[in-house]
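Contents: one structure, followed by commentary.
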Amino acid sequence: MNRHLITREAEQLLAQYLKQQKVIIVIGARQVGKTTLIKKALSGMRVELLNLDIETDRQRVKAAGALTPRQAMQNFGDPQVLVIDEAQRLPEIGRIVKGWFDSGVSPKIILSGSSSLDLLDFLAESLTGRNVKLNLPPLLFREIIADQSWYVPGHTKDQIKEFFGNQVQGLLMQHLIYGSYPEVTTTSNRRDLLNGISGDYLLKDILQMGLVKTPDLIRSLIMLLAYQIGSEVSVNELSAKLQISRVTVDRYLNLLERTFVIFRLPAFSTNSRKEITKNHKLYFWDTGIRNAILNEFSENPLRSDIGSLWENWVVAELAKQNLLNGGRASLYFWRSRSGSEVDLVVRKDEALSAYEIKWNPRSIRAHAFENSYKTKVALIDHTNPLIAL
């Protein structure tokens, strides 16, 4: 099996955070590479790594919380860095870590979690002003390209497209279908891995915490959502199909967002009389997960859902970049009440960028948006995946 480590842009961020006098919080979906990232960044250092999914480690941390901070660190072997993985599994973790941090213990403390369900809630009050956060998404396409043997650092997008267009197109189709989870990217056993990740493992945090009484129901919801990528989500429709209340649908959607399965784009509007304001579009963070849920791994570019799949991939790629950058930009879709649409609007400070995302190149009609916002709408088709770079 071909297994190697792809260089992550998050490595530089983590290295910067290690120089700060803060507790570092690393958040991302299960199997997205958090532990690998941390181990690589801490190579050569004396590290104690605890995983609170493991009962003995959980008990060790709870017991250490009853000791003085100095005694606790001695019990952990006086490491240079103390890493606590799946920290959301211990509700009192914020209080314990706050006590250690405020006492000035020497080890750097890193907390990581596969769910923002409780980790940020546990830590919000206890570690206010004491932490920096790193959100780790699946691999970025530019990280995957940079890992290729043919890639030459310093090439412009135009040079890559001219000299390596075929290679880029091959990579694009592969990651459109199988997604960008690190292990999936570096192995040939992609389908089995994706089926494993997209099963109960993806919902492990929700199921462990007893937040869903009927697991089959949330699986049915995920299946419906997988068919609706890029569409405006109707909670009423989902409620009717699943025969559950709107409140329950909203709660499940929130759980799926906070465990990094899906994300929603709100509508962009400055004129509620002429533009849609309250609707949301839905996307999966990883198209491979979406395809695994449907058991649809066809690599035929003529597959019936290629348009919506391409839209999901592009939007997710830009959303991953934004997540890694600390969410400095805001992402939206736009639709007027007369039916004009723009797939993606990105607002950063006062600047707007707008994109129409179509698999096959063709002209676009975005006059309404361009006239309203004096912003050119760019076309992203499958011949131009380097927008992601």
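Chain labels follow the order of the structure tokens: the first chain is A, the next B, and so on; residue numbering restarts at 1 in every chain, and ligands are counted from 1 in their shown order.
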Per-residue nearest contacts of segment 152-195 of chain A to segment 12-35 of chain A (9 Å; only C-alpha atoms) as CSV:
```
residue,atom,partner,partner_atom,distance
A:Ser180,CA,A:Val32,CA,8.8
A:Tyr181,CA,A:Val32,CA,5.7
A:Pro182,CA,A:Val32,CA,6.4
A:Glu183,CA,A:Gln31,CA,7.8
```
Compile the contact shell of Ile6 of chain A as a ChimeraX atom specification: residues with an atom at most 8 Å away, counting only C-alpha atoms, same-chain residues fewer than 5 positions apart removed.
-> /A:143-144,147,182
Mind the document's chain letters and residue numbers, and return as an mmCIF file with N, CA and C atoms, in the first residue's frame the residues of segment 3-56 of chain A that DSSP labels alpha helix (DSSP H).
```
data_model
loop_
_atom_site.group_PDB
_atom_site.id
_atom_site.type_symbol
_atom_site.label_atom_id
_atom_site.label_comp_id
_atom_site.auth_asym_id
_atom_site.auth_seq_id
_atom_site.Cartn_x
_atom_site.Cartn_y
_atom_site.Cartn_z
ATOM 1 N N ALA A 10 -1.336 23.718 7.010
ATOM 2 C CA ALA A 10 -1.586 23.906 8.436
ATOM 3 C C ALA A 10 -0.328 23.707 9.279
ATOM 4 N N GLU A 11 0.687 23.041 8.708
ATOM 5 C CA GLU A 11 1.922 22.823 9.469
ATOM 6 C C GLU A 11 2.577 24.163 9.826
ATOM 7 N N GLN A 12 2.568 25.105 8.902
ATOM 8 C CA GLN A 12 3.156 26.420 9.165
ATOM 9 C C GLN A 12 2.357 27.173 10.222
ATOM 10 N N LEU A 13 1.029 27.063 10.157
ATOM 11 C CA LEU A 13 0.193 27.713 11.161
ATOM 12 C C LEU A 13 0.460 27.147 12.539
ATOM 13 N N LEU A 14 0.540 25.815 12.627
ATOM 14 C CA LEU A 14 0.774 25.183 13.916
ATOM 15 C C LEU A 14 2.138 25.568 14.473
ATOM 16 N N ALA A 15 3.131 25.649 13.596
ATOM 17 C CA ALA A 15 4.470 26.064 14.037
ATOM 18 C C ALA A 15 4.437 27.482 14.617
ATOM 19 N N GLN A 16 3.663 28.365 14.004
ATOM 20 C CA GLN A 16 3.524 29.731 14.522
ATOM 21 C C GLN A 16 2.828 29.728 15.876
ATOM 22 N N TYR A 17 1.784 28.905 16.002
ATOM 23 C CA TYR A 17 1.027 28.857 17.256
ATOM 24 C C TYR A 17 1.866 28.298 18.405
ATOM 25 N N LEU A 18 2.775 27.396 18.087
ATOM 26 C CA LEU A 18 3.619 26.806 19.128
ATOM 27 C C LEU A 18 4.536 27.848 19.778
ATOM 28 N N LYS A 34 -5.549 15.210 11.955
ATOM 29 C CA LYS A 34 -5.157 16.069 13.074
ATOM 30 C C LYS A 34 -3.963 15.501 13.841
ATOM 31 N N THR A 35 -4.047 14.227 14.205
ATOM 32 C CA THR A 35 -2.971 13.619 14.991
ATOM 33 C C THR A 35 -1.684 13.550 14.186
ATOM 34 N N THR A 36 -1.786 13.203 12.903
ATOM 35 C CA THR A 36 -0.598 13.160 12.046
ATOM 36 C C THR A 36 0.036 14.535 11.943
ATOM 37 N N LEU A 37 -0.786 15.558 11.768
ATOM 38 C CA LEU A 37 -0.291 16.943 11.693
ATOM 39 C C LEU A 37 0.466 17.307 12.967
ATOM 40 N N ILE A 38 -0.126 17.003 14.108
ATOM 41 C CA ILE A 38 0.484 17.362 15.390
ATOM 42 C C ILE A 38 1.790 16.604 15.601
ATOM 43 N N LYS A 39 1.786 15.309 15.324
ATOM 44 C CA LYS A 39 3.008 14.512 15.513
ATOM 45 C C LYS A 39 4.140 15.015 14.620
ATOM 46 N N LYS A 40 3.805 15.370 13.394
ATOM 47 C CA LYS A 40 4.829 15.856 12.470
ATOM 48 C C LYS A 40 5.403 17.185 12.957
ATOM 49 N N ALA A 41 4.531 18.063 13.433
ATOM 50 C CA ALA A 41 4.979 19.375 13.920
ATOM 51 C C ALA A 41 5.834 19.253 15.175
ATOM 52 N N GLU A 55 -10.471 4.786 27.478
ATOM 53 C CA GLU A 55 -10.923 4.950 28.858
ATOM 54 C C GLU A 55 -9.774 5.181 29.830
ATOM 55 N N THR A 56 -8.676 4.448 29.681
ATOM 56 C CA THR A 56 -7.553 4.613 30.615
ATOM 57 C C THR A 56 -6.957 6.024 30.523
#
```
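Proximity of A:Tyr252, A:Asn195, A:Asn279, A:Val235 to Val212 of chain A, computed with only C-alpha atoms, is greatest for A:Tyr252.
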Which neighbours of Ser198 of chain A fall inside 12 Å, counting only C-alpha atoms, when residues of the same chain fewer than 3 positions from it are skipped, and could you give them as number ranges by chain?
-> A: 29-31, 178-179, 181, 184, 190-195, 201-204, 219, 222-223, 226, 260-261, 284, 286-295
For Thr248 of chain A, please output as a ChimeraX atom specification all residues within 12 Å (counting only C-alpha atoms; exclusion window: fewer than 2 positions along the same chain).
-> /A:211-214,217-218,221,235-236,238-240,242-246,250-255
